[in-house]
Amino acid sequence: MRRILVTGGAGFIGSGFVRHLMCRKGFRVRVLDKLTYAGNLDNFPKHFWKDKRFEFIRGDIRNRKVVRDAMRRVDAVVNFAAQTHIDRSVDSIEPFVMADFVGASVLLDEFRRNPCGRFVQISTCEVYGSARTVPMAEDHPIMPQSPYAATKAGADRLCHSFHQTYGLPIVVLRPFNQYGTNQYPEKVIPFFFTQALADRPLLVYGSGRNTRDWTYVPDLCELVQRVLDVPASRVAGEVFNVGSGEEKNVLEIARAVLSYLGKPKSLVQHIKDRPGHVQRLVCNTHKTSRTLKWKTRTRFDQGLKLTLDWYMENRAWWQKIMRRKAFREFYDRWYRKTLGAKVAKG
Ligand SMILES: NC(=O)c1ccc[n+]([C@@H]2O[C@H](COP(=O)([O-])OP(=O)(O)OC[C@H]3O[C@@H](n4cnc5c(N)ncnc54)[C@H](O)[C@@H]3O)[C@@H](O)[C@H]2O)c1
């Protein structure tokens with residue numbers, strides 16, 4: 001039985017990975033999560049709390065003592081913990097520096113003091129900035145365009161330095177855009193879904209022609225498990241892109257959501273572009289497929305339908321979040337006051 005420490009395991013992707021491991025034999029899961037506005041215990045099925053294979057620690061990855069205790073007797077660490085909403089990073093940088101960079105540095109340093117089998121850092125394609133060549137391979141220049149991306153790039157390169165300096169078994173994954181169930185409703189797909197359902201405008205930055213490469217979270221989870229399963233010598237010190245090669249722009253996504261709900265295209269409302277907005281991200285997955293024998297299984301249209309079905313059937317999950325001050329305040333400040341969009345008060 002391997003015990004995996006999952007930091008940020010109460011968030012969107014982290015909780016998907018926890019649910020993935022809990023459905024498989026041979027894993028114990030210890031979650032360390034601060035429960036920021038994005039962390040959510042409702043992401044764990046009720047029966048987990050009675051299962052001896054599941055442990056939850058509420059704590060901050062910047063707290064050395066908490067991290068040291070959480071790392072005891074684990075076989076691997078997977079770090080999902082971060083502040084993740086780019087818009088919020090444009091609004092206020094400090095939480096991103098503290099969680100994404102300083103937090104990762106504390107985890108790495110404690111891992112150095114007490115190394116276990118593997119440390120997997122969940123980085124992001126945003127570290128590349130807009131594509132200079134497509135598709136984008138792991139050696140694409142690192143030119144982050146938002147404060148979020150810059151702090152993630154710092155942590156990504158810190159992982160590299162820890163492998164180089166201390167020879168530690170550290171692996172960096174750079175997922176391109178992820179979508180699926182349990183995603184906080186400020187992110188584009190659930191945001192469009194919840195807006196459209198309420199006949200509110202789907203706020204689209206600029207032309208809406210910027211593209212992203214989309215992966216359904218269960219496919220990513222399979223890859224993360226594979227990174228834990230293969231011999232360390234195959235992956236230590238390496239960076240792997242995670243993507244599907246399926247490039248969709250924001251307008252296509254808005255229209256797909258509207259068509260799913262039978263709502264008119266006129267709900268799309270173009271607003272001022274976000275400063276530093278990345279135009280294009282397309283993943284080159286050759287290295288990942290070759291080394292880890294992995295590729296996505298779920299086509300975007302299939303995954304999107306599964307995702308939207310889930311949001312339709314789990315209204316209580318997102319309505320509870322959208323009633324909270326943390327959601328309403330940001331929505332109001334960012335869209336109405338900062339970008340001057342004509343939206344009803346959060
Ligand atoms: N969502 C995407 O499309 C995407 C794409 C590429 C990479 N990523 C990366 O994947 C990871 C997970 O992203 P997500 O979309 O699930 O994010 P999320 O915002 O849904 O979840 C982040 C989790 O981290 C926790 N957290 C934040 N600061 C913490 C701290 N200081 N200590 C402990 N816990 C803390 C939060 O409580 C939350 O549960 C992040 O590292 C993100 O950069 C996400």
# chains A, B, ... in the order shown; residues from 1 in each chain; ligands from 1

call {"tool": "select_by_dssp", "arguments": {"residues": "segment 245-314 of chain A", "states": "alpha helix (DSSP H)", "output": "number ranges by chain"}}
result
A: 250-261, 286-292, 300-313

call {"tool": "write_last_selection", "arguments": {"atoms": "C-alpha atoms", "output": "CSV table (one decimal), in the first residue's frame"}}
result
chain,number,residue,atom,x,y,z
A,250,VAL,CA,-13.4,30.8,-26.1
A,251,LEU,CA,-16.2,31.7,-28.5
A,252,GLU,CA,-16.5,28.0,-29.5
A,253,ILE,CA,-16.8,27.1,-25.9
A,254,ALA,CA,-19.4,29.8,-25.2
A,255,ARG,CA,-21.4,28.6,-28.2
A,256,ALA,CA,-21.2,24.9,-27.1
A,257,VAL,CA,-22.5,25.8,-23.7
A,258,LEU,CA,-25.3,27.9,-25.1
A,259,SER,CA,-26.3,25.1,-27.5
A,260,TYR,CA,-26.3,22.5,-24.7
A,261,LEU,CA,-28.7,24.7,-22.7
A,286,HIS,CA,5.3,13.7,-28.1
A,287,LYS,CA,7.6,13.4,-25.1
A,288,THR,CA,4.8,12.5,-22.7
A,289,SER,CA,3.3,9.9,-25.0
A,290,ARG,CA,6.7,8.4,-25.9
A,291,THR,CA,8.0,8.2,-22.3
A,292,LEU,CA,4.9,7.5,-20.4
A,300,PHE,CA,-13.6,17.5,-26.1
A,301,ASP,CA,-17.2,17.1,-27.1
A,302,GLN,CA,-17.6,14.0,-25.0
A,303,GLY,CA,-15.9,15.5,-22.0
A,304,LEU,CA,-17.8,18.7,-22.2
A,305,LYS,CA,-21.1,16.9,-22.3
A,306,LEU,CA,-20.1,14.9,-19.2
A,307,THR,CA,-19.0,18.0,-17.5
A,308,LEU,CA,-22.2,20.0,-18.3
A,309,ASP,CA,-24.4,17.1,-17.3
A,310,TRP,CA,-22.6,17.1,-13.9
A,311,TYR,CA,-23.2,20.8,-13.4
A,312,MET,CA,-26.9,20.3,-14.3
A,313,GLU,CA,-27.3,17.5,-11.8

call {"tool": "select_by_dssp", "arguments": {"residues": "segment 223-290 of chain A", "states": "strand (DSSP E)", "output": "number ranges by chain"}}
result
A: 239-242, 247-249, 268-271

call {"tool": "write_last_selection", "arguments": {"atoms": "N, CA and C atoms", "output": "mmCIF file, in the first residue's frame"}}
result
data_model
loop_
_atom_site.group_PDB
_atom_site.id
_atom_site.type_symbol
_atom_site.label_atom_id
_atom_site.label_comp_id
_atom_site.auth_asym_id
_atom_site.auth_seq_id
_atom_site.Cartn_x
_atom_site.Cartn_y
_atom_site.Cartn_z
ATOM 1 N N VAL A 239 10.509 17.216 -17.356
ATOM 2 C CA VAL A 239 9.289 18.027 -17.471
ATOM 3 C C VAL A 239 8.423 17.357 -18.534
ATOM 4 N N PHE A 240 7.128 17.206 -18.244
ATOM 5 C CA PHE A 240 6.218 16.621 -19.237
ATOM 6 C C PHE A 240 5.014 17.528 -19.455
ATOM 7 N N ASN A 241 4.737 17.807 -20.709
ATOM 8 C CA ASN A 241 3.489 18.502 -21.047
ATOM 9 C C ASN A 241 2.315 17.548 -20.893
ATOM 10 N N VAL A 242 1.153 18.109 -20.539
ATOM 11 C CA VAL A 242 -0.069 17.299 -20.486
ATOM 12 C C VAL A 242 -1.132 18.033 -21.291
ATOM 13 N N GLU A 247 -7.538 22.040 -29.844
ATOM 14 C CA GLU A 247 -7.487 23.487 -29.637
ATOM 15 C C GLU A 247 -8.882 24.085 -29.859
ATOM 16 N N LYS A 248 -9.377 24.795 -28.870
ATOM 17 C CA LYS A 248 -10.711 25.434 -28.994
ATOM 18 C C LYS A 248 -10.587 26.869 -28.526
ATOM 19 N N ASN A 249 -11.280 27.764 -29.212
ATOM 20 C CA ASN A 249 -11.253 29.139 -28.715
ATOM 21 C C ASN A 249 -12.450 29.393 -27.790
ATOM 22 N N VAL A 268 -23.801 36.111 -25.575
ATOM 23 C CA VAL A 268 -22.361 36.397 -25.558
ATOM 24 C C VAL A 268 -22.154 37.907 -25.515
ATOM 25 N N GLN A 269 -21.360 38.354 -24.544
ATOM 26 C CA GLN A 269 -21.073 39.793 -24.433
ATOM 27 C C GLN A 269 -19.554 39.985 -24.402
ATOM 28 N N HIS A 270 -19.028 40.681 -25.423
ATOM 29 C CA HIS A 270 -17.581 40.920 -25.464
ATOM 30 C C HIS A 270 -17.231 42.057 -24.519
ATOM 31 N N ILE A 271 -16.187 41.844 -23.725
ATOM 32 C CA ILE A 271 -15.738 42.906 -22.816
ATOM 33 C C ILE A 271 -14.261 43.173 -23.109
#

call {"tool": "residues_near_ligand", "arguments": {"ligand": "ligand 1", "cutoff": "8 Å", "atoms": "only C-alpha atoms and all ligand atoms", "output": "ChimeraX atom specification"}}
result
/A:7-15,32-40,58-62,79-85,98-100,103,121-126,152,174-179,183-184

call {"tool": "write_last_selection", "arguments": {"atoms": "C-alpha atoms", "output": "PDB file, in the first residue's frame"}}
result
ATOM      1  CA  THR A   7      -1.397  18.990  -1.398  1.00  0.00           C
ATOM      2  CA  GLY A   8      -4.246  21.166  -2.639  1.00  0.00           C
ATOM      3  CA  GLY A   9      -6.302  17.966  -2.749  1.00  0.00           C
ATOM      4  CA  ALA A  10      -9.595  19.728  -1.925  1.00  0.00           C
ATOM      5  CA  GLY A  11      -9.538  21.837  -5.110  1.00  0.00           C
ATOM      6  CA  PHE A  12     -10.781  21.072  -8.599  1.00  0.00           C
ATOM      7  CA  ILE A  13      -8.013  18.858 -10.049  1.00  0.00           C
ATOM      8  CA  GLY A  14      -6.509  17.755  -6.718  1.00  0.00           C
ATOM      9  CA  SER A  15      -9.844  16.335  -5.547  1.00  0.00           C
ATOM     10  CA  LEU A  32      -3.080  18.678   2.964  1.00  0.00           C
ATOM     11  CA  ASP A  33      -5.183  21.696   2.031  1.00  0.00           C
ATOM     12  CA  LYS A  34      -5.617  25.160   3.509  1.00  0.00           C
ATOM     13  CA  LEU A  35      -9.228  25.339   2.298  1.00  0.00           C
ATOM     14  CA  THR A  36      -8.952  28.729   0.652  1.00  0.00           C
ATOM     15  CA  TYR A  37     -12.056  30.037  -1.112  1.00  0.00           C
ATOM     16  CA  ALA A  38     -11.360  27.398  -3.815  1.00  0.00           C
ATOM     17  CA  GLY A  39     -10.875  24.409  -1.501  1.00  0.00           C
ATOM     18  CA  ASN A  40     -14.061  22.500  -0.834  1.00  0.00           C
ATOM     19  CA  ARG A  58      -6.247  21.364   7.087  1.00  0.00           C
ATOM     20  CA  GLY A  59      -3.061  23.408   6.782  1.00  0.00           C
ATOM     21  CA  ASP A  60      -0.920  25.738   4.753  1.00  0.00           C
ATOM     22  CA  ILE A  61       1.945  24.465   2.589  1.00  0.00           C
ATOM     23  CA  ARG A  62       3.970  27.459   3.783  1.00  0.00           C
ATOM     24  CA  ASN A  79       1.635  19.275  -5.239  1.00  0.00           C
ATOM     25  CA  PHE A  80      -1.572  20.768  -6.640  1.00  0.00           C
ATOM     26  CA  ALA A  81      -1.803  23.528  -3.993  1.00  0.00           C
ATOM     27  CA  ALA A  82      -1.851  26.999  -5.507  1.00  0.00           C
ATOM     28  CA  GLN A  83      -3.807  30.140  -6.118  1.00  0.00           C
ATOM     29  CA  THR A  84      -5.040  29.485  -9.634  1.00  0.00           C
ATOM     30  CA  HIS A  85      -7.320  32.161 -11.054  1.00  0.00           C
ATOM     31  CA  MET A  98       2.986  33.220  -1.234  1.00  0.00           C
ATOM     32  CA  ALA A  99       1.122  30.052  -2.228  1.00  0.00           C
ATOM     33  CA  ASP A 100       2.502  29.208  -5.656  1.00  0.00           C
ATOM     34  CA  GLY A 103       4.576  27.400  -0.635  1.00  0.00           C
ATOM     35  CA  GLN A 121       4.954  19.384  -9.109  1.00  0.00           C
ATOM     36  CA  ILE A 122       1.797  20.319 -10.994  1.00  0.00           C
ATOM     37  CA  SER A 123       3.016  23.289 -13.000  1.00  0.00           C
ATOM     38  CA  THR A 124       1.109  24.789 -15.941  1.00  0.00           C
ATOM     39  CA  CYS A 125       1.353  25.546 -19.655  1.00  0.00           C
ATOM     40  CA  GLU A 126       0.860  29.219 -18.698  1.00  0.00           C
ATOM     41  CA  LYS A 152       4.158  29.062 -11.211  1.00  0.00           C
ATOM     42  CA  ARG A 174       2.791  21.137 -17.261  1.00  0.00           C
ATOM     43  CA  PRO A 175      -0.920  20.598 -17.856  1.00  0.00           C
ATOM     44  CA  PHE A 176      -2.616  22.680 -20.522  1.00  0.00           C
ATOM     45  CA  ASN A 177      -6.221  23.716 -19.738  1.00  0.00           C
ATOM     46  CA  GLN A 178      -8.193  21.240 -17.667  1.00  0.00           C
ATOM     47  CA  TYR A 179     -11.940  20.879 -17.472  1.00  0.00           C
ATOM     48  CA  GLN A 183     -14.455  23.188 -10.927  1.00  0.00           C
ATOM     49  CA  TYR A 184     -14.987  26.438  -9.042  1.00  0.00           C
TER      50      TYR A 184
END

call {"tool": "residues_around", "arguments": {"residues": "Arg274 of chain A", "least_positions_apart": "6", "cutoff": "12 Å", "atoms": "only C-alpha atoms", "output": "tab-separated table (two decimals) with C-alpha atoms, in the first residue's frame"}}
result
chain	number	residue	atom	x	y	z
A	86	ILE	CA	-5.39	34.38	-13.48
A	87	ASP	CA	-7.89	37.26	-13.14
A	88	ARG	CA	-7.35	37.28	-9.39
A	89	SER	CA	-3.57	37.40	-9.91
A	90	VAL	CA	-3.99	40.53	-12.04
A	91	ASP	CA	-6.12	41.99	-9.24
A	145	GLN	CA	2.51	36.74	-19.12
A	146	SER	CA	0.49	36.94	-15.89
A	203	LEU	CA	-18.56	37.67	-20.60
A	204	VAL	CA	-15.90	37.06	-23.26
A	205	TYR	CA	-12.53	38.85	-23.16
A	206	GLY	CA	-11.72	40.76	-26.38
A	207	SER	CA	-12.52	38.91	-29.61
A	208	GLY	CA	-12.82	35.52	-27.85
A	210	ASN	CA	-7.79	33.06	-28.08
A	334	TRP	CA	-13.50	42.40	-11.28
A	335	TYR	CA	-16.15	42.49	-14.00
A	338	THR	CA	-12.31	46.84	-12.96
A	339	LEU	CA	-13.41	45.93	-16.48
A	340	GLY	CA	-16.47	48.16	-16.61

call {"tool": "atom_distance", "arguments": {"atom1": "atom CA of Ala155 of chain A", "atom2": "atom CA of Ser105 of chain A"}}
result
7.0 Å

call {"tool": "residues_around", "arguments": {"residues": "Leu21 of chain A", "least_positions_apart": "6", "cutoff": "12 Å", "atoms": "only C-alpha atoms", "output": "MDAnalysis selection string"}}
result
chainID A and resid 1:6 9 14:15 27:31 48 53:54 218 221:226 228

call {"tool": "atom_distance", "arguments": {"atom1": "atom CA of Asn284 of chain A", "atom2": "atom CA of Val171 of chain A"}}
result
17.8 Å

call {"tool": "atom_distance", "arguments": {"atom1": "atom CA of Ile170 of chain A", "atom2": "atom CA of Leu108 of chain A"}}
result
9.1 Å

call {"tool": "residues_around", "arguments": {"residues": "Pro169 of chain A", "least_positions_apart": "6", "cutoff": "8 Å", "atoms": "only C-alpha atoms", "output": "ChimeraX atom specification"}}
result
/A:117-119,163,232,235-237

call {"tool": "write_last_selection", "arguments": {"atoms": "N, CA and C atoms", "output": "PDB file, in the first residue's frame"}}
result
ATOM      1  N   GLY A 117       9.868   8.719  -2.110  1.00  0.00           N
ATOM      2  CA  GLY A 117      10.028   8.169  -3.462  1.00  0.00           C
ATOM      3  C   GLY A 117       9.991   9.172  -4.606  1.00  0.00           C
ATOM      4  N   ARG A 118       9.151  10.197  -4.482  1.00  0.00           N
ATOM      5  CA  ARG A 118       8.945  11.072  -5.635  1.00  0.00           C
ATOM      6  C   ARG A 118       8.222  12.361  -5.241  1.00  0.00           C
ATOM      7  N   PHE A 119       8.553  13.442  -5.920  1.00  0.00           N
ATOM      8  CA  PHE A 119       7.826  14.704  -5.733  1.00  0.00           C
ATOM      9  C   PHE A 119       7.341  15.132  -7.112  1.00  0.00           C
ATOM     10  N   HIS A 163      16.423  19.406  -8.341  1.00  0.00           N
ATOM     11  CA  HIS A 163      16.885  18.143  -8.940  1.00  0.00           C
ATOM     12  C   HIS A 163      18.364  18.260  -9.287  1.00  0.00           C
ATOM     13  N   ALA A 232      11.598   5.602 -10.941  1.00  0.00           N
ATOM     14  CA  ALA A 232      11.977   7.017 -10.782  1.00  0.00           C
ATOM     15  C   ALA A 232      12.990   7.428 -11.845  1.00  0.00           C
ATOM     16  N   VAL A 235      11.686   9.266 -14.933  1.00  0.00           N
ATOM     17  CA  VAL A 235      11.008  10.568 -14.883  1.00  0.00           C
ATOM     18  C   VAL A 235      11.714  11.645 -14.054  1.00  0.00           C
ATOM     19  N   ALA A 236      12.648  11.241 -13.189  1.00  0.00           N
ATOM     20  CA  ALA A 236      13.266  12.228 -12.289  1.00  0.00           C
ATOM     21  C   ALA A 236      13.971  13.321 -13.080  1.00  0.00           C
ATOM     22  N   GLY A 237      13.717  14.552 -12.689  1.00  0.00           N
ATOM     23  CA  GLY A 237      14.358  15.698 -13.336  1.00  0.00           C
ATOM     24  C   GLY A 237      13.717  16.092 -14.653  1.00  0.00           C
TER      25      GLY A 237
END

call {"tool": "decode", "arguments": {"residues": "segment 327-344 of chain A", "atoms": "N, CA and C atoms", "output": "PDB file, in the first residue's frame"}}
result
ATOM      1  N   PHE A 327     -17.113  34.583  -3.657  1.00  0.00           N
ATOM      2  CA  PHE A 327     -17.447  34.537  -5.074  1.00  0.00           C
ATOM      3  C   PHE A 327     -18.055  35.867  -5.509  1.00  0.00           C
ATOM      4  N   ARG A 328     -19.049  36.329  -4.783  1.00  0.00           N
ATOM      5  CA  ARG A 328     -19.830  37.507  -5.208  1.00  0.00           C
ATOM      6  C   ARG A 328     -18.969  38.760  -5.241  1.00  0.00           C
ATOM      7  N   GLU A 329     -18.124  38.918  -4.218  1.00  0.00           N
ATOM      8  CA  GLU A 329     -17.293  40.126  -4.137  1.00  0.00           C
ATOM      9  C   GLU A 329     -16.339  40.228  -5.312  1.00  0.00           C
ATOM     10  N   PHE A 330     -15.703  39.104  -5.640  1.00  0.00           N
ATOM     11  CA  PHE A 330     -14.725  39.147  -6.727  1.00  0.00           C
ATOM     12  C   PHE A 330     -15.417  39.414  -8.060  1.00  0.00           C
ATOM     13  N   TYR A 331     -16.514  38.730  -8.289  1.00  0.00           N
ATOM     14  CA  TYR A 331     -17.285  38.886  -9.533  1.00  0.00           C
ATOM     15  C   TYR A 331     -17.630  40.362  -9.738  1.00  0.00           C
ATOM     16  N   ASP A 332     -18.120  40.960  -8.683  1.00  0.00           N
ATOM     17  CA  ASP A 332     -18.566  42.343  -8.756  1.00  0.00           C
ATOM     18  C   ASP A 332     -17.386  43.295  -8.978  1.00  0.00           C
ATOM     19  N   ARG A 333     -16.318  43.081  -8.180  1.00  0.00           N
ATOM     20  CA  ARG A 333     -15.175  43.997  -8.281  1.00  0.00           C
ATOM     21  C   ARG A 333     -14.500  43.867  -9.647  1.00  0.00           C
ATOM     22  N   TRP A 334     -14.284  42.622 -10.077  1.00  0.00           N
ATOM     23  CA  TRP A 334     -13.498  42.397 -11.284  1.00  0.00           C
ATOM     24  C   TRP A 334     -14.276  42.793 -12.536  1.00  0.00           C
ATOM     25  N   TYR A 335     -15.438  42.244 -12.733  1.00  0.00           N
ATOM     26  CA  TYR A 335     -16.149  42.491 -13.998  1.00  0.00           C
ATOM     27  C   TYR A 335     -16.769  43.884 -14.065  1.00  0.00           C
ATOM     28  N   ARG A 336     -17.399  44.271 -12.966  1.00  0.00           N
ATOM     29  CA  ARG A 336     -18.147  45.530 -13.038  1.00  0.00           C
ATOM     30  C   ARG A 336     -17.219  46.721 -12.818  1.00  0.00           C
ATOM     31  N   LYS A 337     -16.440  46.671 -11.724  1.00  0.00           N
ATOM     32  CA  LYS A 337     -15.648  47.857 -11.379  1.00  0.00           C
ATOM     33  C   LYS A 337     -14.351  47.906 -12.186  1.00  0.00           C
ATOM     34  N   THR A 338     -13.614  46.790 -12.284  1.00  0.00           N
ATOM     35  CA  THR A 338     -12.314  46.836 -12.956  1.00  0.00           C
ATOM     36  C   THR A 338     -12.473  46.873 -14.469  1.00  0.00           C
ATOM     37  N   LEU A 339     -13.326  46.015 -15.022  1.00  0.00           N
ATOM     38  CA  LEU A 339     -13.413  45.934 -16.484  1.00  0.00           C
ATOM     39  C   LEU A 339     -14.574  46.755 -17.047  1.00  0.00           C
ATOM     40  N   GLY A 340     -15.375  47.294 -16.167  1.00  0.00           N
ATOM     41  CA  GLY A 340     -16.470  48.163 -16.611  1.00  0.00           C
ATOM     42  C   GLY A 340     -17.553  47.435 -17.385  1.00  0.00           C
ATOM     43  N   ALA A 341     -17.689  46.118 -17.162  1.00  0.00           N
ATOM     44  CA  ALA A 341     -18.728  45.367 -17.885  1.00  0.00           C
ATOM     45  C   ALA A 341     -20.085  45.677 -17.266  1.00  0.00           C
ATOM     46  N   LYS A 342     -21.110  45.652 -18.142  1.00  0.00           N
ATOM     47  CA  LYS A 342     -22.458  45.945 -17.644  1.00  0.00           C
ATOM     48  C   LYS A 342     -23.070  44.644 -17.142  1.00  0.00           C
ATOM     49  N   VAL A 343     -22.815  44.330 -15.875  1.00  0.00           N
ATOM     50  CA  VAL A 343     -23.404  43.105 -15.317  1.00  0.00           C
ATOM     51  C   VAL A 343     -24.211  43.486 -14.087  1.00  0.00           C
ATOM     52  N   ALA A 344     -25.195  42.642 -13.811  1.00  0.00           N
ATOM     53  CA  ALA A 344     -25.999  42.890 -12.615  1.00  0.00           C
ATOM     54  C   ALA A 344     -25.102  42.691 -11.412  1.00  0.00           C
TER      55      ALA A 344
END
